[in-house]
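entry-v5.pdb follows (PDB, C-alpha atoms):
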```pdb
ATOM      1  CA  MET A   1      86.684 103.195  89.325
ATOM      2  CA  ILE A   2      88.536 105.996  91.171
ATOM      3  CA  TYR A   3      90.563 103.353  93.025
ATOM      4  CA  LEU A   4      91.790 101.787  89.806
ATOM      5  CA  GLU A   5      92.511 105.255  88.391
ATOM      6  CA  LEU A   6      94.584 106.179  91.473
ATOM      7  CA  PHE A   7      96.450 102.870  91.364
ATOM      8  CA  LEU A   8      97.233 103.068  87.623
ATOM      9  CA  THR A   9      98.201 106.742  87.742
ATOM     10  CA  PHE A  10     100.610 106.264  90.635
ATOM     11  CA  PHE A  11     101.872 102.992  89.139
ATOM     12  CA  LYS A  12     102.778 104.972  86.002
ATOM     13  CA  ILE A  13     104.431 107.673  88.133
ATOM     14  CA  GLY A  14     106.409 105.044  90.022
ATOM     15  CA  LEU A  15     107.359 103.194  86.850
ATOM     16  CA  PHE A  16     108.481 106.108  84.707
ATOM     17  CA  THR A  17     110.382 108.248  87.166
ATOM     18  CA  LEU A  18     113.949 107.475  88.078
ATOM     19  CA  GLY A  19     115.756 109.172  90.917
ATOM     20  CA  GLY A  20     113.185 109.051  93.677
ATOM     21  CA  GLY A  21     110.467 111.362  94.901
ATOM     22  CA  TYR A  22     111.838 114.707  93.785
ATOM     23  CA  ALA A  23     112.382 113.499  90.244
ATOM     24  CA  MET A  24     108.718 112.454  90.288
ATOM     25  CA  LEU A  25     107.450 115.967  90.955
ATOM     26  CA  PRO A  26     106.955 117.054  87.336
ATOM     27  CA  LEU A  27     104.941 113.912  86.549
ATOM     28  CA  ILE A  28     103.016 114.057  89.835
ATOM     29  CA  ARG A  29     102.143 117.701  89.191
ATOM     30  CA  GLU A  30     101.019 116.931  85.640
ATOM     31  CA  GLU A  31      98.924 113.889  86.613
ATOM     32  CA  VAL A  32      97.313 115.502  89.657
ATOM     33  CA  ALA A  33      96.340 118.547  87.579
ATOM     34  CA  LEU A  34      95.082 116.358  84.711
ATOM     35  CA  HIS A  35      92.800 114.406  87.040
ATOM     36  CA  GLY A  36      91.818 117.466  89.106
ATOM     37  CA  TRP A  37      92.818 115.788  92.365
ATOM     38  CA  ALA A  38      94.411 118.917  93.856
ATOM     39  CA  SER A  39      95.004 122.556  93.019
ATOM     40  CA  ALA A  40      98.546 123.869  92.565
ATOM     41  CA  GLU A  41      98.441 125.361  96.077
ATOM     42  CA  GLU A  42      97.124 122.126  97.605
ATOM     43  CA  LEU A  43      99.874 120.186  95.838
ATOM     44  CA  ILE A  44     102.526 122.489  97.301
ATOM     45  CA  ASN A  45     101.003 121.908 100.741
ATOM     46  CA  PHE A  46     101.032 118.129 100.125
ATOM     47  CA  ILE A  47     104.688 118.380  99.111
ATOM     48  CA  ALA A  48     105.561 120.348 102.245
ATOM     49  CA  VAL A  49     103.758 117.882 104.504
ATOM     50  CA  SER A  50     105.177 114.876 102.605
ATOM     51  CA  GLU A  51     108.688 116.209 102.998
ATOM     52  CA  SER A  52     108.323 116.962 106.686
ATOM     53  CA  THR A  53     106.750 113.646 107.740
ATOM     54  CA  PRO A  54     108.606 110.365 108.260
ATOM     55  CA  GLY A  55     108.922 107.986 105.343
ATOM     56  CA  PRO A  56     109.720 108.161 101.657
ATOM     57  CA  PHE A  57     108.510 111.283  99.892
ATOM     58  CA  ALA A  58     106.798 109.401  97.029
ATOM     59  CA  VAL A  59     104.868 107.168  99.417
ATOM     60  CA  ASN A  60     103.807 110.121 101.548
ATOM     61  CA  ILE A  61     102.538 112.223  98.660
ATOM     62  CA  ALA A  62     100.740 109.286  97.031
ATOM     63  CA  THR A  63      99.087 108.517 100.361
ATOM     64  CA  PHE A  64      98.014 112.146 100.890
ATOM     65  CA  ILE A  65      96.588 112.519  97.398
ATOM     66  CA  GLY A  66      94.872 109.123  97.515
ATOM     67  CA  ARG A  67      93.367 109.882 100.930
ATOM     68  CA  THR A  68      92.002 113.295  99.993
ATOM     69  CA  THR A  69      90.685 111.956  96.687
ATOM     70  CA  ALA A  70      89.058 108.706  97.804
ATOM     71  CA  GLY A  71      89.545 108.137 101.524
ATOM     72  CA  ILE A  72      91.570 105.334 103.048
ATOM     73  CA  PRO A  73      90.962 102.889 100.158
ATOM     74  CA  GLY A  74      92.218 105.609  97.796
ATOM     75  CA  ALA A  75      95.312 106.096  99.945
ATOM     76  CA  LEU A  76      96.017 102.363  99.835
ATOM     77  CA  CYS A  77      95.550 102.200  96.048
ATOM     78  CA  ALA A  78      97.754 105.228  95.326
ATOM     79  CA  THR A  79     100.445 104.056  97.739
ATOM     80  CA  LEU A  80     100.485 100.518  96.349
ATOM     81  CA  GLY A  81     100.599 101.959  92.842
ATOM     82  CA  VAL A  82     103.658 104.130  93.499
ATOM     83  CA  VAL A  83     105.543 101.421  95.420
ATOM     84  CA  LEU A  84     104.878  98.369  93.256
ATOM     85  CA  PRO A  85     106.997  99.374  90.210
ATOM     86  CA  SER A  86     110.065  99.970  92.370
ATOM     87  CA  PHE A  87     109.537  96.681  94.140
ATOM     88  CA  ILE A  88     109.276  94.784  90.843
ATOM     89  CA  VAL A  89     112.244  96.585  89.269
ATOM     90  CA  ILE A  90     114.512  96.093  92.279
ATOM     91  CA  LEU A  91     113.686  92.381  92.312
ATOM     92  CA  ILE A  92     114.673  92.102  88.647
ATOM     93  CA  VAL A  93     117.769  94.303  88.982
ATOM     94  CA  SER A  94     119.026  92.440  92.047
ATOM     95  CA  LYS A  95     118.712  89.172  90.153
ATOM     96  CA  LEU A  96     120.532  90.464  87.057
ATOM     97  CA  TYR A  97     122.954  93.068  88.437
ATOM     98  CA  ASP A  98     126.020  90.893  88.873
ATOM     99  CA  LYS A  99     125.579  89.534  85.377
ATOM    100  CA  PHE A 100     125.351  92.940  83.665
ATOM    101  CA  ARG A 101     127.092  95.522  85.878
ATOM    102  CA  LYS A 102     130.261  95.598  83.751
ATOM    103  CA  SER A 103     128.308  95.880  80.523
ATOM    104  CA  LYS A 104     129.152  98.972  78.454
ATOM    105  CA  LEU A 105     125.446  99.260  77.652
ATOM    106  CA  VAL A 106     124.462  99.378  81.355
ATOM    107  CA  GLN A 107     127.287 101.773  82.217
ATOM    108  CA  GLY A 108     126.330 104.011  79.292
ATOM    109  CA  ALA A 109     122.668 103.998  80.277
ATOM    110  CA  MET A 110     123.547 104.933  83.858
ATOM    111  CA  SER A 111     125.821 107.766  82.719
ATOM    112  CA  GLY A 112     122.895 109.154  80.719
ATOM    113  CA  VAL A 113     120.224 108.633  83.366
ATOM    114  CA  LYS A 114     122.059 110.322  86.269
ATOM    115  CA  PRO A 115     122.214 113.825  84.706
ATOM    116  CA  ALA A 116     118.622 113.456  83.513
ATOM    117  CA  VAL A 117     117.498 112.790  87.087
ATOM    118  CA  ILE A 118     119.342 115.904  88.274
ATOM    119  CA  GLY A 119     117.635 117.868  85.486
ATOM    120  CA  LEU A 120     114.196 116.628  86.572
ATOM    121  CA  ILE A 121     114.903 117.560  90.175
ATOM    122  CA  ALA A 122     116.131 121.019  89.075
ATOM    123  CA  ALA A 123     113.004 121.566  86.943
ATOM    124  CA  ALA A 124     110.787 120.646  89.899
ATOM    125  CA  LEU A 125     112.782 122.956  92.173
ATOM    126  CA  ILE A 126     112.444 125.898  89.784
ATOM    127  CA  SER A 127     108.745 125.319  89.119
ATOM    128  CA  LEU A 128     107.772 124.821  92.745
ATOM    129  CA  GLY A 129     110.123 127.577  93.861
ATOM    130  CA  LYS A 130     108.363 130.028  91.573
ATOM    131  CA  GLN A 131     104.953 129.008  92.938
ATOM    132  CA  VAL A 132     106.100 129.254  96.569
ATOM    133  CA  MET A 133     108.297 132.362  96.342
ATOM    134  CA  PHE A 134     106.338 134.352  93.764
ATOM    135  CA  PRO A 135     102.686 133.227  93.901
ATOM    136  CA  ASP A 136     101.515 136.603  92.546
ATOM    137  CA  GLY A 137     104.116 136.883  89.793
ATOM    138  CA  TYR A 138     107.460 138.546  90.355
ATOM    139  CA  PHE A 139     106.030 141.077  92.788
ATOM    140  CA  VAL A 140     108.071 141.184  96.021
ATOM    141  CA  SER A 141     105.694 141.572  98.937
ATOM    142  CA  ALA A 142     106.601 141.189 102.610
ATOM    143  CA  ALA A 143     105.461 137.545 102.459
ATOM    144  CA  THR A 144     107.597 136.919  99.375
ATOM    145  CA  PHE A 145     110.600 138.523 101.080
ATOM    146  CA  VAL A 146     110.116 136.279 104.142
ATOM    147  CA  SER A 147     109.851 133.187 101.893
ATOM    148  CA  ILE A 148     113.031 134.112 100.041
ATOM    149  CA  LEU A 149     114.868 134.786 103.318
ATOM    150  CA  ILE A 150     113.764 131.437 104.801
ATOM    151  CA  PHE A 151     114.820 129.707 101.562
ATOM    152  CA  ILE A 152     118.290 131.289 101.540
ATOM    153  CA  VAL A 153     118.990 130.644 105.225
ATOM    154  CA  THR A 154     117.736 127.045 104.970
ATOM    155  CA  ALA A 155     119.753 126.377 101.791
ATOM    156  CA  VAL A 156     122.954 127.731 103.343
ATOM    157  CA  LEU A 157     122.455 125.767 106.562
ATOM    158  CA  ALA A 158     121.604 122.602 104.614
ATOM    159  CA  PHE A 159     124.752 123.065 102.540
ATOM    160  CA  LEU A 160     126.672 123.299 105.827
ATOM    161  CA  LYS A 161     125.183 119.900 106.746
ATOM    162  CA  LYS A 162     122.896 121.121 109.506
ATOM    163  CA  ASN A 163     120.176 118.755 110.725
ATOM    164  CA  PRO A 164     117.228 118.802 108.234
ATOM    165  CA  ILE A 165     114.681 118.156 110.992
ATOM    166  CA  LEU A 166     115.977 121.168 112.891
ATOM    167  CA  LEU A 167     115.874 123.271 109.710
ATOM    168  CA  ILE A 168     112.245 122.315 109.007
ATOM    169  CA  GLY A 169     111.270 123.103 112.611
ATOM    170  CA  ILE A 170     113.052 126.457 112.617
ATOM    171  CA  SER A 171     111.519 127.323 109.229
ATOM    172  CA  ALA A 172     108.030 126.491 110.500
ATOM    173  CA  VAL A 173     108.534 128.686 113.566
ATOM    174  CA  ALA A 174     109.928 131.501 111.377
ATOM    175  CA  GLY A 175     106.886 131.202 109.109
ATOM    176  CA  ILE A 176     104.505 131.371 112.074
ATOM    177  CA  VAL A 177     106.269 134.401 113.555
ATOM    178  CA  ALA A 178     106.412 136.138 110.176
ATOM    179  CA  GLY A 179     102.760 135.323 109.564
ATOM    180  CA  TYR A 180     101.708 137.036 112.757
ATOM    181  CA  ALA A 181     104.130 139.926 112.251
ATOM    182  CA  ILE A 182     103.047 140.799 108.703
ATOM    183  CA  GLY A 183      99.499 139.477 108.870
ATOM    184  CA  LEU A 184      99.618 136.515 106.498
TER     185      LEU A 184
END
```
Could you express the structure from this file as structure tokens?
Amino acid sequence: MIYLELFLTFFKIGLFTLGGGYAMLPLIREEVALHGWASAEELINFIAVSESTPGPFAVNIATFIGRTTAGIPGALCATLGVVLPSFIVILIVSKLYDKFRKSKLVQGAMSGVKPAVIGLIAAALISLGKQVMFPDGYFVSAATFVSILIFIVTAVLAFLKKNPILLIGISAVAGIVAGYAIGL
């Protein structure tokens, strides 16, 4: 039963989120909490690991949640669930795209969907940012200060088009050093 639940939940996530993995975060967070598959802190850890491992974010997080919830069969069910809607939709779109791409209806829908996707990504950023930067409310401890500093430096360097792999590695090292320095 858990396998079907994982598959259907991640199928719904894959089907109803446009814009890729980051746009999925609000729905993933809601569904994972609803089913009790991970705490808020565990989900943040899954997100961090999913982002820093090779492969698509959505596949990685579905695989992690499925694996911790129901082992390897759970990972397979969750991963298949999140991938299958995109696969089906892209097959349909590729078949129909040339026929409808100049349609005012399609162009209008796309002009409405794009800002909505950015809004979903922004909402996920704000929500997760609050949990990561201010886990104890808006109290600025040494750990919070280090998190904010790492965030600012990483954001600036990412904006300057620095290598994301390098940024993740440097951030991990900075977190380790800060952890030992301030006793995290």
- Message: So that I can see what lies close to segment 171-174 of chain A, please list as a PyMOL selection string the residues with an atom at most 9 Å from it, counting only C-alpha atoms and leaving out residues fewer than 5 positions away in the same chain.
- Response: chain A and resi 146+150-151+154+166+179
- Resolved residues for the PyMOL selection byres ((chain A and resi 83-99) around 12) as number ranges by chain: A: 7-21, 56-63, 76-82, 100-103, 106-107
- Item | Between atom CA of Lys162 of chain A and atom CA of Gly175 of chain A - distance in Å to one decimal |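 Distance between the two atoms: 18.9 Å.
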- Message: Using only C-alpha atoms for the distances, tell me which of A:Phe64, A:Ala142, A:Leu125, A:Gly108 is nearest to Ala181 of chain A.
- Response: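 Once distances to Ala181 of chain A are computed over only C-alpha atoms, the minimum belongs to A:Ala142.
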Excluding Arg29 of chain A and residues on its chain fewer than 4 positions from it, collect all residues at most 10 Å away from it, counting only C-alpha atoms, and give them as a compact mmCIF listing (two decimals) with C-alpha atoms, in the frame of the given file.
```
# COMPACT_ATOMS: atom_id res chain seq x y z
CA MET A 24 108.72 112.45 90.29
CA LEU A 25 107.45 115.97 90.96
CA ALA A 33 96.34 118.55 87.58
CA LEU A 34 95.08 116.36 84.71
CA ALA A 38 94.41 118.92 93.86
CA SER A 39 95.00 122.56 93.02
CA ALA A 40 98.55 123.87 92.56
CA LEU A 43 99.87 120.19 95.84
CA ILE A 44 102.53 122.49 97.30
CA ALA A 124 110.79 120.65 89.90
CA LEU A 128 107.77 124.82 92.74
```
Taking all atoms of segment 67-71 of chain A that appear in the file, build a box with edges along x, y and z, extend it by 5 Å on every side, and state its centre and edge lengths in Å to one decimal, as AutoDock Vina command-line options.
```
--center_x 91.2 --center_y 110.7 --center_z 99.1 --size_x 14.3 --size_y 15.2 --size_z 14.8
```
- Message: Can you pull out the residues contacting Ala70 of chain A? Cut-off 9 Å, using only C-alpha atoms, and skip same-chain residues under 5 positions away; I want them as a PyMOL selection string.
- Response: chain A and resi 2-3+6+65+75
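The space between atom CA of Met1 of chain A and atom CA of Gly36 of chain A spans 15.2 Å.
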- Point-to-point distance from atom CA of Ile28 of chain A to atom CA of Leu105 of chain A, Å rounded to tenths: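 Between atom CA of Ile28 of chain A and atom CA of Leu105 of chain A the gap is 29.5 Å.
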What lies within 9 Å of Ser147 of chain A using all atoms listed in the file, ignoring chain neighbours under 6 positions off, as an mmCIF file with C-alpha atoms, keeping the file's coordinate frame?
```
data_model
loop_
_atom_site.group_PDB
_atom_site.id
_atom_site.type_symbol
_atom_site.label_atom_id
_atom_site.label_comp_id
_atom_site.auth_asym_id
_atom_site.auth_seq_id
_atom_site.Cartn_x
_atom_site.Cartn_y
_atom_site.Cartn_z
ATOM 1 C CA VAL A 132 106.100 129.254 96.569
ATOM 2 C CA MET A 133 108.297 132.362 96.342
ATOM 3 C CA PHE A 134 106.338 134.352 93.764
ATOM 4 C CA GLY A 175 106.886 131.202 109.109
#
```
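The shortest atom-to-atom distance to Gly169 of chain A, with all atoms listed in the file taken into account, belongs to A:Thr53 out of A:Tyr138, A:Lys104, A:Gln131, A:Thr53.
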- Message: Residues near Ile121 of chain A, anyone? I mean within 6 Å using only C-alpha atoms, not counting same-chain ones fewer than 2 positions away, as an NGL selection string.
- Response: :A and (22-23 or 118-119 or 123-124)
- Which of A:Pro26, A:Ser141, A:Glu51, A:Glu5 sits closest to Ala122 of chain A [using all atoms listed in the file]: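 Going through A:Pro26, A:Ser141, A:Glu51, A:Glu5 one by one, the smallest distance to Ala122 of chain A is for A:Pro26.
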Filled-in N, CA, C and O atoms of segment 94-117 of chain A, supplied as a PDB file, in the coordinates of the input:
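Below is the file that was written, out15.pdb:
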```
ATOM      1  N   SER A  94     118.186  93.185  91.105  1.00  0.00           N
ATOM      2  CA  SER A  94     119.026  92.440  92.047  1.00  0.00           C
ATOM      3  C   SER A  94     119.360  91.052  91.510  1.00  0.00           C
ATOM      4  O   SER A  94     120.438  90.514  91.777  1.00  0.00           O
ATOM      5  N   LYS A  95     118.476  90.495  90.743  1.00  0.00           N
ATOM      6  CA  LYS A  95     118.712  89.172  90.153  1.00  0.00           C
ATOM      7  C   LYS A  95     119.726  89.256  89.012  1.00  0.00           C
ATOM      8  O   LYS A  95     120.533  88.349  88.830  1.00  0.00           O
ATOM      9  N   LEU A  96     119.705  90.352  88.262  1.00  0.00           N
ATOM     10  CA  LEU A  96     120.532  90.464  87.057  1.00  0.00           C
ATOM     11  C   LEU A  96     121.773  91.335  87.210  1.00  0.00           C
ATOM     12  O   LEU A  96     122.616  91.360  86.312  1.00  0.00           O
ATOM     13  N   TYR A  97     121.906  92.060  88.308  1.00  0.00           N
ATOM     14  CA  TYR A  97     122.954  93.068  88.437  1.00  0.00           C
ATOM     15  C   TYR A  97     124.362  92.502  88.261  1.00  0.00           C
ATOM     16  O   TYR A  97     125.157  93.038  87.491  1.00  0.00           O
ATOM     17  N   ASP A  98     124.664  91.453  88.978  1.00  0.00           N
ATOM     18  CA  ASP A  98     126.020  90.893  88.873  1.00  0.00           C
ATOM     19  C   ASP A  98     126.359  90.480  87.446  1.00  0.00           C
ATOM     20  O   ASP A  98     127.491  90.621  87.002  1.00  0.00           O
ATOM     21  N   LYS A  99     125.364  90.006  86.745  1.00  0.00           N
ATOM     22  CA  LYS A  99     125.579  89.534  85.377  1.00  0.00           C
ATOM     23  C   LYS A  99     125.879  90.689  84.411  1.00  0.00           C
ATOM     24  O   LYS A  99     126.653  90.533  83.477  1.00  0.00           O
ATOM     25  N   PHE A 100     125.267  91.859  84.643  1.00  0.00           N
ATOM     26  CA  PHE A 100     125.351  92.940  83.665  1.00  0.00           C
ATOM     27  C   PHE A 100     126.081  94.198  84.134  1.00  0.00           C
ATOM     28  O   PHE A 100     126.220  95.147  83.362  1.00  0.00           O
ATOM     29  N   ARG A 101     126.550  94.264  85.367  1.00  0.00           N
ATOM     30  CA  ARG A 101     127.092  95.522  85.878  1.00  0.00           C
ATOM     31  C   ARG A 101     128.322  96.020  85.129  1.00  0.00           C
ATOM     32  O   ARG A 101     128.596  97.199  85.115  1.00  0.00           O
ATOM     33  N   LYS A 102     129.080  95.173  84.503  1.00  0.00           N
ATOM     34  CA  LYS A 102     130.261  95.598  83.751  1.00  0.00           C
ATOM     35  C   LYS A 102     129.951  95.832  82.275  1.00  0.00           C
ATOM     36  O   LYS A 102     130.844  96.176  81.505  1.00  0.00           O
ATOM     37  N   SER A 103     128.721  95.683  81.909  1.00  0.00           N
ATOM     38  CA  SER A 103     128.308  95.880  80.523  1.00  0.00           C
ATOM     39  C   SER A 103     128.450  97.355  80.128  1.00  0.00           C
ATOM     40  O   SER A 103     128.048  98.255  80.860  1.00  0.00           O
ATOM     41  N   LYS A 104     129.024  97.596  78.971  1.00  0.00           N
ATOM     42  CA  LYS A 104     129.152  98.972  78.454  1.00  0.00           C
ATOM     43  C   LYS A 104     127.767  99.588  78.259  1.00  0.00           C
ATOM     44  O   LYS A 104     127.588 100.790  78.465  1.00  0.00           O
ATOM     45  N   LEU A 105     126.810  98.779  77.858  1.00  0.00           N
ATOM     46  CA  LEU A 105     125.446  99.260  77.652  1.00  0.00           C
ATOM     47  C   LEU A 105     124.855  99.760  78.976  1.00  0.00           C
ATOM     48  O   LEU A 105     124.293 100.860  79.038  1.00  0.00           O
ATOM     49  N   VAL A 106     124.992  98.991  80.045  1.00  0.00           N
ATOM     50  CA  VAL A 106     124.462  99.378  81.355  1.00  0.00           C
ATOM     51  C   VAL A 106     125.201 100.603  81.876  1.00  0.00           C
ATOM     52  O   VAL A 106     124.577 101.556  82.367  1.00  0.00           O
ATOM     53  N   GLN A 107     126.513 100.622  81.757  1.00  0.00           N
ATOM     54  CA  GLN A 107     127.287 101.773  82.217  1.00  0.00           C
ATOM     55  C   GLN A 107     126.923 103.030  81.425  1.00  0.00           C
ATOM     56  O   GLN A 107     126.798 104.112  81.993  1.00  0.00           O
ATOM     57  N   GLY A 108     126.731 102.870  80.124  1.00  0.00           N
ATOM     58  CA  GLY A 108     126.330 104.011  79.292  1.00  0.00           C
ATOM     59  C   GLY A 108     124.951 104.524  79.666  1.00  0.00           C
ATOM     60  O   GLY A 108     124.732 105.736  79.750  1.00  0.00           O
ATOM     61  N   ALA A 109     124.023 103.597  79.886  1.00  0.00           N
ATOM     62  CA  ALA A 109     122.668 103.998  80.277  1.00  0.00           C
ATOM     63  C   ALA A 109     122.699 104.753  81.602  1.00  0.00           C
ATOM     64  O   ALA A 109     122.050 105.797  81.745  1.00  0.00           O
ATOM     65  N   MET A 110     123.466 104.264  82.552  1.00  0.00           N
ATOM     66  CA  MET A 110     123.547 104.933  83.858  1.00  0.00           C
ATOM     67  C   MET A 110     124.189 106.312  83.744  1.00  0.00           C
ATOM     68  O   MET A 110     123.763 107.256  84.409  1.00  0.00           O
ATOM     69  N   SER A 111     125.193 106.450  82.875  1.00  0.00           N
ATOM     70  CA  SER A 111     125.821 107.766  82.719  1.00  0.00           C
ATOM     71  C   SER A 111     124.880 108.758  82.050  1.00  0.00           C
ATOM     72  O   SER A 111     125.020 109.961  82.225  1.00  0.00           O
ATOM     73  N   GLY A 112     123.895 108.268  81.314  1.00  0.00           N
ATOM     74  CA  GLY A 112     122.895 109.154  80.719  1.00  0.00           C
ATOM     75  C   GLY A 112     121.742 109.456  81.656  1.00  0.00           C
ATOM     76  O   GLY A 112     121.192 110.560  81.656  1.00  0.00           O
ATOM     77  N   VAL A 113     121.371 108.479  82.476  1.00  0.00           N
ATOM     78  CA  VAL A 113     120.224 108.633  83.366  1.00  0.00           C
ATOM     79  C   VAL A 113     120.536 109.583  84.526  1.00  0.00           C
ATOM     80  O   VAL A 113     119.695 110.407  84.904  1.00  0.00           O
ATOM     81  N   LYS A 114     121.733 109.498  85.094  1.00  0.00           N
ATOM     82  CA  LYS A 114     122.059 110.322  86.269  1.00  0.00           C
ATOM     83  C   LYS A 114     121.890 111.823  86.013  1.00  0.00           C
ATOM     84  O   LYS A 114     121.232 112.501  86.810  1.00  0.00           O
ATOM     85  N   PRO A 115     122.440 112.384  84.920  1.00  0.00           N
ATOM     86  CA  PRO A 115     122.214 113.825  84.706  1.00  0.00           C
ATOM     87  C   PRO A 115     120.755 114.153  84.395  1.00  0.00           C
ATOM     88  O   PRO A 115     120.277 115.243  84.736  1.00  0.00           O
ATOM     89  N   ALA A 116     120.038 113.213  83.788  1.00  0.00           N
ATOM     90  CA  ALA A 116     118.622 113.456  83.513  1.00  0.00           C
ATOM     91  C   ALA A 116     117.835 113.565  84.816  1.00  0.00           C
ATOM     92  O   ALA A 116     116.945 114.413  84.941  1.00  0.00           O
ATOM     93  N   VAL A 117     118.170 112.735  85.779  1.00  0.00           N
ATOM     94  CA  VAL A 117     117.498 112.790  87.087  1.00  0.00           C
ATOM     95  C   VAL A 117     117.775 114.128  87.752  1.00  0.00           C
ATOM     96  O   VAL A 117     116.857 114.770  88.288  1.00  0.00           O
TER      97      VAL A 117
END
```
